[in-house]
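Enquirer: Have a peek at input_24.csv (CSV, C-alpha atoms).
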chain,number,residue,atom,x,y,z
A,9,MET,CA,0.0,0.0,0.0
A,10,ALA,CA,1.1,3.3,-0.8
A,11,ARG,CA,1.3,5.8,2.0
A,12,ARG,CA,-0.5,8.9,1.5
A,13,LYS,CA,1.0,12.0,2.8
A,14,HIS,CA,-1.6,14.0,4.6
A,15,ARG,CA,-0.9,17.6,4.8
A,16,LYS,CA,-2.2,19.3,7.8
A,17,LEU,CA,-4.2,22.2,7.0
A,18,VAL,CA,-2.5,25.3,8.4
A,19,GLN,CA,-4.9,28.1,9.0
A,20,GLN,CA,-3.8,31.7,9.4
A,21,ALA,CA,-4.5,32.8,12.9
A,22,GLU,CA,-6.6,35.9,13.1
A,23,LEU,CA,-5.4,38.5,15.6
A,24,ASP,CA,-8.2,40.0,17.7
A,25,ILE,CA,-6.9,43.3,18.9
A,26,THR,CA,-10.2,44.8,19.8
A,27,ALA,CA,-9.6,44.4,23.5
A,28,PHE,CA,-6.2,46.1,23.2
A,29,MET,CA,-7.7,49.0,21.2
A,30,ASN,CA,-10.4,49.4,23.8
A,31,LEU,CA,-7.8,49.6,26.5
A,32,MET,CA,-5.8,52.2,24.7
A,33,ILE,CA,-8.9,54.3,24.0
A,34,VAL,CA,-9.5,54.5,27.7
A,35,LEU,CA,-5.9,54.5,29.0
A,36,VAL,CA,-4.4,57.2,26.9
A,37,PRO,CA,-6.8,60.0,27.8
A,38,VAL,CA,-6.7,59.1,31.5
A,39,LEU,CA,-2.9,59.2,31.5
A,40,LEU,CA,-2.9,62.5,29.6
A,41,LEU,CA,-5.3,64.0,32.0
A,42,SER,CA,-3.5,62.9,35.1
A,43,MET,CA,-0.1,64.0,33.8
A,44,VAL,CA,1.5,66.9,35.7
A,45,PHE,CA,3.4,69.2,33.4
A,46,SER,CA,6.5,70.6,35.2
A,47,GLN,CA,6.6,74.3,35.4
A,48,THR,CA,10.0,75.8,35.0
A,49,ALA,CA,11.1,79.4,35.5
A,50,VAL,CA,14.1,81.0,34.1
A,51,LEU,CA,15.9,83.4,36.4
A,52,ASP,CA,18.3,86.0,35.1
A,53,LEU,CA,21.5,85.7,37.0
A,54,ASN,CA,24.6,87.9,36.8
A,55,PHE,CA,28.2,87.1,37.5
A,56,PRO,CA,29.7,89.0,40.4
A,57,VAL,CA,32.0,91.9,39.6
A,58,LEU,CA,35.6,90.6,39.8
A,59,ASP,CA,37.6,93.8,40.2
A,60,ASP,CA,37.2,97.0,42.1
A,61,ALA,CA,38.1,98.9,39.0
A,62,GLN,CA,34.9,97.7,37.4
A,63,LEU,CA,32.7,98.9,40.2
A,64,PRO,CA,31.0,102.2,39.9
A,65,ASP,CA,32.7,105.1,41.7
A,66,ASN,CA,29.9,105.4,44.2
A,67,SER,CA,31.6,104.7,47.5
A,68,GLU,CA,28.4,105.0,49.6
A,69,GLU,CA,26.5,102.4,47.6
A,70,LEU,CA,25.9,99.1,49.4
A,71,GLN,CA,27.4,96.0,47.8
A,72,LEU,CA,25.6,93.2,49.5
A,73,GLN,CA,27.1,89.7,49.7
A,74,LEU,CA,25.5,86.7,51.2
A,75,ILE,CA,28.2,84.1,51.9
A,76,ILE,CA,26.7,80.6,52.4
A,77,ARG,CA,28.9,78.1,54.1
A,78,LYS,CA,28.2,74.7,55.7
A,79,ASN,CA,27.9,76.2,59.2
A,80,SER,CA,26.8,79.8,58.7
A,81,LEU,CA,25.2,82.5,56.6
A,82,THR,CA,27.3,85.7,56.5
A,83,LEU,CA,25.7,88.9,55.2
A,84,ALA,CA,28.4,91.5,54.4
A,85,ASP,CA,29.1,94.7,52.5
A,86,THR,CA,32.2,94.7,50.3
A,87,LYS,CA,33.1,98.1,51.5
A,88,GLN,CA,31.9,98.3,55.1
A,89,GLY,CA,32.5,94.7,56.1
A,90,LEU,CA,30.4,92.2,58.1
A,91,ILE,CA,26.7,93.1,58.6
A,92,ARG,CA,25.5,89.9,60.3
A,93,LYS,CA,26.7,86.3,60.7
A,94,ILE,CA,24.0,83.8,61.4
A,95,GLN,CA,25.1,80.4,62.6
A,96,SER,CA,23.3,77.3,61.4
A,97,SER,CA,21.8,74.9,63.9
A,98,GLU,CA,21.3,71.1,63.7
A,99,GLN,CA,17.9,71.8,62.0
A,100,GLY,CA,19.6,73.7,59.2
A,101,TYR,CA,20.0,77.4,58.3
A,102,ASP,CA,18.2,80.1,60.1
A,103,PHE,CA,16.6,81.7,57.0
A,104,ASP,CA,14.0,83.5,59.1
A,105,SER,CA,16.7,85.6,60.8
A,106,LEU,CA,18.3,86.3,57.4
A,107,VAL,CA,15.0,87.6,56.0
A,108,LYS,CA,14.6,89.9,59.0
A,109,VAL,CA,18.0,91.4,58.4
A,110,LEU,CA,17.3,91.7,54.7
A,111,LYS,CA,14.0,93.5,55.4
A,112,GLN,CA,15.9,96.0,57.7
A,113,LEU,CA,18.5,96.6,54.9
A,114,LYS,CA,15.7,97.1,52.3
A,115,ASN,CA,14.0,99.6,54.6
A,116,ARG,CA,17.3,101.5,54.9
A,117,PHE,CA,18.2,101.2,51.2
A,118,PRO,CA,14.9,101.0,49.3
A,119,GLU,CA,16.5,101.6,45.9
A,120,LYS,CA,19.0,98.7,46.3
A,121,THR,CA,18.0,95.7,44.2
A,122,ASP,CA,21.1,93.6,43.8
A,123,ILE,CA,22.8,91.0,46.0
A,124,THR,CA,25.6,88.5,45.4
A,125,LEU,CA,25.3,85.0,46.7
A,126,LEU,CA,28.7,83.4,47.3
A,127,LEU,CA,28.6,79.6,47.9
A,128,GLY,CA,31.0,77.3,49.6
A,129,GLU,CA,31.9,74.1,47.9
A,130,GLU,CA,29.8,71.9,50.2
A,131,ILE,CA,26.5,73.8,49.5
A,132,ASN,CA,23.8,71.8,47.8
A,133,TYR,CA,21.5,72.9,45.1
A,134,GLN,CA,18.4,73.1,47.3
A,135,THR,CA,20.1,75.5,49.7
A,136,LEU,CA,21.0,77.7,46.7
A,137,VAL,CA,17.5,77.8,45.5
A,138,SER,CA,16.1,78.5,49.0
A,139,ALA,CA,18.5,81.3,49.5
A,140,MET,CA,17.7,82.8,46.1
A,141,ASP,CA,13.9,82.6,46.8
A,142,LEU,CA,14.3,84.3,50.2
A,143,THR,CA,16.6,87.1,49.0
A,144,ARG,CA,14.4,87.9,46.0
A,145,SER,CA,11.1,88.5,47.9
A,146,TYR,CA,9.1,87.7,51.0
A,147,GLU,CA,5.4,87.3,51.7
A,148,THR,CA,3.5,90.0,53.5
A,149,VAL,CA,-0.1,91.0,54.0
A,150,VAL,CA,-1.3,94.1,52.3
A,151,ALA,CA,-5.0,95.1,52.5
A,152,ALA,CA,-6.1,91.6,53.7
A,153,SER,CA,-4.3,89.7,50.9
A,154,VAL,CA,-0.9,88.0,50.8
A,155,VAL,CA,1.5,89.6,48.3
A,156,ASN,CA,5.2,89.1,47.5
A,157,ALA,CA,7.2,92.1,48.5
A,158,GLU,CA,10.5,92.7,46.7
A,159,LEU,CA,13.8,92.5,48.5
A,160,PHE,CA,16.8,92.0,46.3
A,161,PRO,CA,15.6,90.5,42.9
A,162,ASP,CA,18.9,91.0,41.0
A,163,ILE,CA,20.9,88.0,42.1
A,164,SER,CA,24.5,87.3,41.2
A,165,ILE,CA,26.1,84.0,42.2
A,166,GLY,CA,29.7,83.0,42.7
A,167,ASP,CA,32.2,81.0,44.8
A,168,ALA,CA,32.8,81.9,48.4
A,169,PRO,CA,36.3,83.0,49.2
A,170,ILE,CA,38.5,80.3,50.6
A,171,LEU,CA,38.7,80.3,54.4
A,172,ASP,CA,42.0,81.4,55.8
A,173,VAL,CA,42.3,79.1,58.9
A,174,GLU,CA,46.0,79.6,59.7
A,175,SER,CA,46.1,83.4,59.9
A,176,THR,CA,43.1,83.6,62.2
A,177,GLY,CA,44.2,81.0,64.7
A,178,GLY,CA,41.6,78.4,63.8
A,179,GLY,CA,38.8,80.9,63.2
A,180,ALA,CA,37.4,81.6,59.8
A,181,THR,CA,37.2,84.8,57.9
A,182,PRO,CA,34.4,85.5,55.4
Represent the supplied structure as structure tokens.
Expert:
Amino acid sequence: MARRKHRKLVQQAELDITAFMNLMIVLVPVLLLSMVFSQTAVLDLNFPVLDDAQLPDNSEELQLQLIIRKNSLTLADTKQGLIRKIQSSEQGYDFDSLVKVLKQLKNRFPEKTDITLLLGEEINYQTLVSAMDLTRSYETVVAASVVNAELFPDISIGDAPILDVESTGGGATP
């Protein structure tokens, strides 16, 4: 007897993607509606003036510097010297005291709008952003509504001067 070769009938499988399409029709709009778009703001920053020859010849003008180090915030004037040194605690920097001093300076010099932030090497980004926000403005109540009052919105950033430990006998100079 002769053997017959039976070929198996191979049928093309039909893809049923209806359930997948229904899922996508529901899932895509839900994901788009729940997505949070990040809001970014661009801040204009200036580089600090490097040389006294580049400074304007107004000797009475205040040149504010906020030196941020690991253990303190030092507010100083480049011509007059130290204004206030605020030690940090175990909880972090005392930004409330800094804002009080900045408000007093703004009341004495209302036309002053610039400040230079000088950062130590160990300062993290969040501390920089917090200091920038606090030196730019503060919240106050005017006519039963909360508004942002301007302090020093023109911010320059730079590196803090290196501490001179040997010449001060273990102390630090700003």
Enquirer: How many Å lie between atom CA of Asp122 of chain A and atom CA of Asp162 of chain A, rounded to one decimal?
Expert: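 Spanning atom CA of Asp122 of chain A to atom CA of Asp162 of chain A is a straight-line distance of 4.4 Å.
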Enquirer: For Val137 of chain A, which residue among A:Ile25, A:Lys93, A:Ala152, A:Ile76 is the nearest when counting only C-alpha atoms?
Expert: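 Under the stated criterion, the closest residue is A:Ile76.
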Enquirer: Counting all atoms listed in the file, figure out which residue out of A:Leu70, A:Met43, A:Ile131, A:Leu110 gets nearest to Ser145 of chain A.
Expert: A:Leu110
Enquirer: Would you work out the distance separating atom CA of Thr135 of chain A from atom CA of Ile94 of chain A, expressed in Å to one decimal?
Expert: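 Result for atom CA of Thr135 of chain A versus atom CA of Ile94 of chain A: 14.9 Å, one decimal.
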Enquirer: Please work out which residues fall within 12 Å of (15.1, 97.5, 52.3), coordinates as given in the file, with only C-alpha atoms counting, and return them as number ranges by chain.
Expert: A: 70, 72, 107-123, 143-146, 157-161
Enquirer: Report, in Å with one decimal, the straight-line distance from atom CA of Ala168 of chain A to atom CA of Ser105 of chain A.
Expert: 20.7 Å
Enquirer: Kindly output segment 123-149 of chain A as a PDB file, keeping the file's coordinate frame, after building N, CA and C atoms.
Expert:
ATOM      1  N   ILE A 123      22.114  91.715  44.929  1.00  0.00           N
ATOM      2  CA  ILE A 123      22.800  91.000  46.000  1.00  0.00           C
ATOM      3  C   ILE A 123      23.651  89.907  45.302  1.00  0.00           C
ATOM      4  N   THR A 124      24.778  89.577  45.896  1.00  0.00           N
ATOM      5  CA  THR A 124      25.600  88.500  45.400  1.00  0.00           C
ATOM      6  C   THR A 124      25.622  87.353  46.371  1.00  0.00           C
ATOM      7  N   LEU A 125      25.291  86.164  45.881  1.00  0.00           N
ATOM      8  CA  LEU A 125      25.300  85.000  46.700  1.00  0.00           C
ATOM      9  C   LEU A 125      26.652  84.251  46.428  1.00  0.00           C
ATOM     10  N   LEU A 126      27.459  84.069  47.451  1.00  0.00           N
ATOM     11  CA  LEU A 126      28.700  83.400  47.300  1.00  0.00           C
ATOM     12  C   LEU A 126      28.624  82.058  48.078  1.00  0.00           C
ATOM     13  N   LEU A 127      28.844  80.968  47.374  1.00  0.00           N
ATOM     14  CA  LEU A 127      28.600  79.600  47.900  1.00  0.00           C
ATOM     15  C   LEU A 127      29.863  78.885  48.196  1.00  0.00           C
ATOM     16  N   GLY A 128      29.899  78.213  49.337  1.00  0.00           N
ATOM     17  CA  GLY A 128      31.000  77.300  49.600  1.00  0.00           C
ATOM     18  C   GLY A 128      30.859  76.043  48.793  1.00  0.00           C
ATOM     19  N   GLU A 129      31.922  75.270  48.727  1.00  0.00           N
ATOM     20  CA  GLU A 129      31.900  74.100  47.900  1.00  0.00           C
ATOM     21  C   GLU A 129      30.938  73.018  48.335  1.00  0.00           C
ATOM     22  N   GLU A 130      30.640  72.973  49.618  1.00  0.00           N
ATOM     23  CA  GLU A 130      29.800  71.900  50.200  1.00  0.00           C
ATOM     24  C   GLU A 130      28.305  72.233  50.109  1.00  0.00           C
ATOM     25  N   ILE A 131      27.925  73.360  49.546  1.00  0.00           N
ATOM     26  CA  ILE A 131      26.500  73.800  49.500  1.00  0.00           C
ATOM     27  C   ILE A 131      25.774  73.055  48.425  1.00  0.00           C
ATOM     28  N   ASN A 132      24.613  72.497  48.785  1.00  0.00           N
ATOM     29  CA  ASN A 132      23.800  71.800  47.800  1.00  0.00           C
ATOM     30  C   ASN A 132      22.891  72.693  47.025  1.00  0.00           C
ATOM     31  N   TYR A 133      22.309  72.155  45.981  1.00  0.00           N
ATOM     32  CA  TYR A 133      21.500  72.900  45.100  1.00  0.00           C
ATOM     33  C   TYR A 133      20.219  73.461  45.773  1.00  0.00           C
ATOM     34  N   GLN A 134      19.608  72.663  46.610  1.00  0.00           N
ATOM     35  CA  GLN A 134      18.400  73.100  47.300  1.00  0.00           C
ATOM     36  C   GLN A 134      18.634  74.285  48.192  1.00  0.00           C
ATOM     37  N   THR A 135      19.777  74.328  48.837  1.00  0.00           N
ATOM     38  CA  THR A 135      20.100  75.500  49.700  1.00  0.00           C
ATOM     39  C   THR A 135      20.277  76.724  48.826  1.00  0.00           C
ATOM     40  N   LEU A 136      20.901  76.582  47.660  1.00  0.00           N
ATOM     41  CA  LEU A 136      21.000  77.700  46.700  1.00  0.00           C
ATOM     42  C   LEU A 136      19.681  78.242  46.320  1.00  0.00           C
ATOM     43  N   VAL A 137      18.784  77.353  45.921  1.00  0.00           N
ATOM     44  CA  VAL A 137      17.500  77.800  45.500  1.00  0.00           C
ATOM     45  C   VAL A 137      16.680  78.428  46.607  1.00  0.00           C
ATOM     46  N   SER A 138      16.759  77.876  47.803  1.00  0.00           N
ATOM     47  CA  SER A 138      16.100  78.500  49.000  1.00  0.00           C
ATOM     48  C   SER A 138      16.609  79.865  49.252  1.00  0.00           C
ATOM     49  N   ALA A 139      17.919  80.015  49.215  1.00  0.00           N
ATOM     50  CA  ALA A 139      18.500  81.300  49.500  1.00  0.00           C
ATOM     51  C   ALA A 139      18.124  82.330  48.391  1.00  0.00           C
ATOM     52  N   MET A 140      18.086  81.883  47.148  1.00  0.00           N
ATOM     53  CA  MET A 140      17.700  82.800  46.100  1.00  0.00           C
ATOM     54  C   MET A 140      16.226  83.218  46.237  1.00  0.00           C
ATOM     55  N   ASP A 141      15.351  82.290  46.589  1.00  0.00           N
ATOM     56  CA  ASP A 141      13.900  82.600  46.800  1.00  0.00           C
ATOM     57  C   ASP A 141      13.764  83.617  47.935  1.00  0.00           C
ATOM     58  N   LEU A 142      14.492  83.405  49.021  1.00  0.00           N
ATOM     59  CA  LEU A 142      14.300  84.300  50.200  1.00  0.00           C
ATOM     60  C   LEU A 142      14.963  85.634  50.006  1.00  0.00           C
ATOM     61  N   THR A 143      16.025  85.743  49.234  1.00  0.00           N
ATOM     62  CA  THR A 143      16.600  87.100  49.000  1.00  0.00           C
ATOM     63  C   THR A 143      15.895  87.855  47.946  1.00  0.00           C
ATOM     64  N   ARG A 144      15.141  87.178  47.107  1.00  0.00           N
ATOM     65  CA  ARG A 144      14.400  87.900  46.000  1.00  0.00           C
ATOM     66  C   ARG A 144      13.166  88.575  46.577  1.00  0.00           C
ATOM     67  N   SER A 145      12.374  87.890  47.406  1.00  0.00           N
ATOM     68  CA  SER A 145      11.100  88.500  47.900  1.00  0.00           C
ATOM     69  C   SER A 145      10.672  87.767  49.158  1.00  0.00           C
ATOM     70  N   TYR A 146       9.696  88.361  49.811  1.00  0.00           N
ATOM     71  CA  TYR A 146       9.100  87.700  51.000  1.00  0.00           C
ATOM     72  C   TYR A 146       7.591  87.999  50.950  1.00  0.00           C
ATOM     73  N   GLU A 147       6.844  87.130  51.623  1.00  0.00           N
ATOM     74  CA  GLU A 147       5.400  87.300  51.700  1.00  0.00           C
ATOM     75  C   GLU A 147       4.990  88.199  52.790  1.00  0.00           C
ATOM     76  N   THR A 148       4.064  89.099  52.481  1.00  0.00           N
ATOM     77  CA  THR A 148       3.500  90.000  53.500  1.00  0.00           C
ATOM     78  C   THR A 148       2.059  90.237  53.201  1.00  0.00           C
ATOM     79  N   VAL A 149       1.348  90.729  54.188  1.00  0.00           N
ATOM     80  CA  VAL A 149      -0.100  91.000  54.000  1.00  0.00           C
ATOM     81  C   VAL A 149      -0.308  92.452  53.792  1.00  0.00           C
TER      82      VAL A 149
END
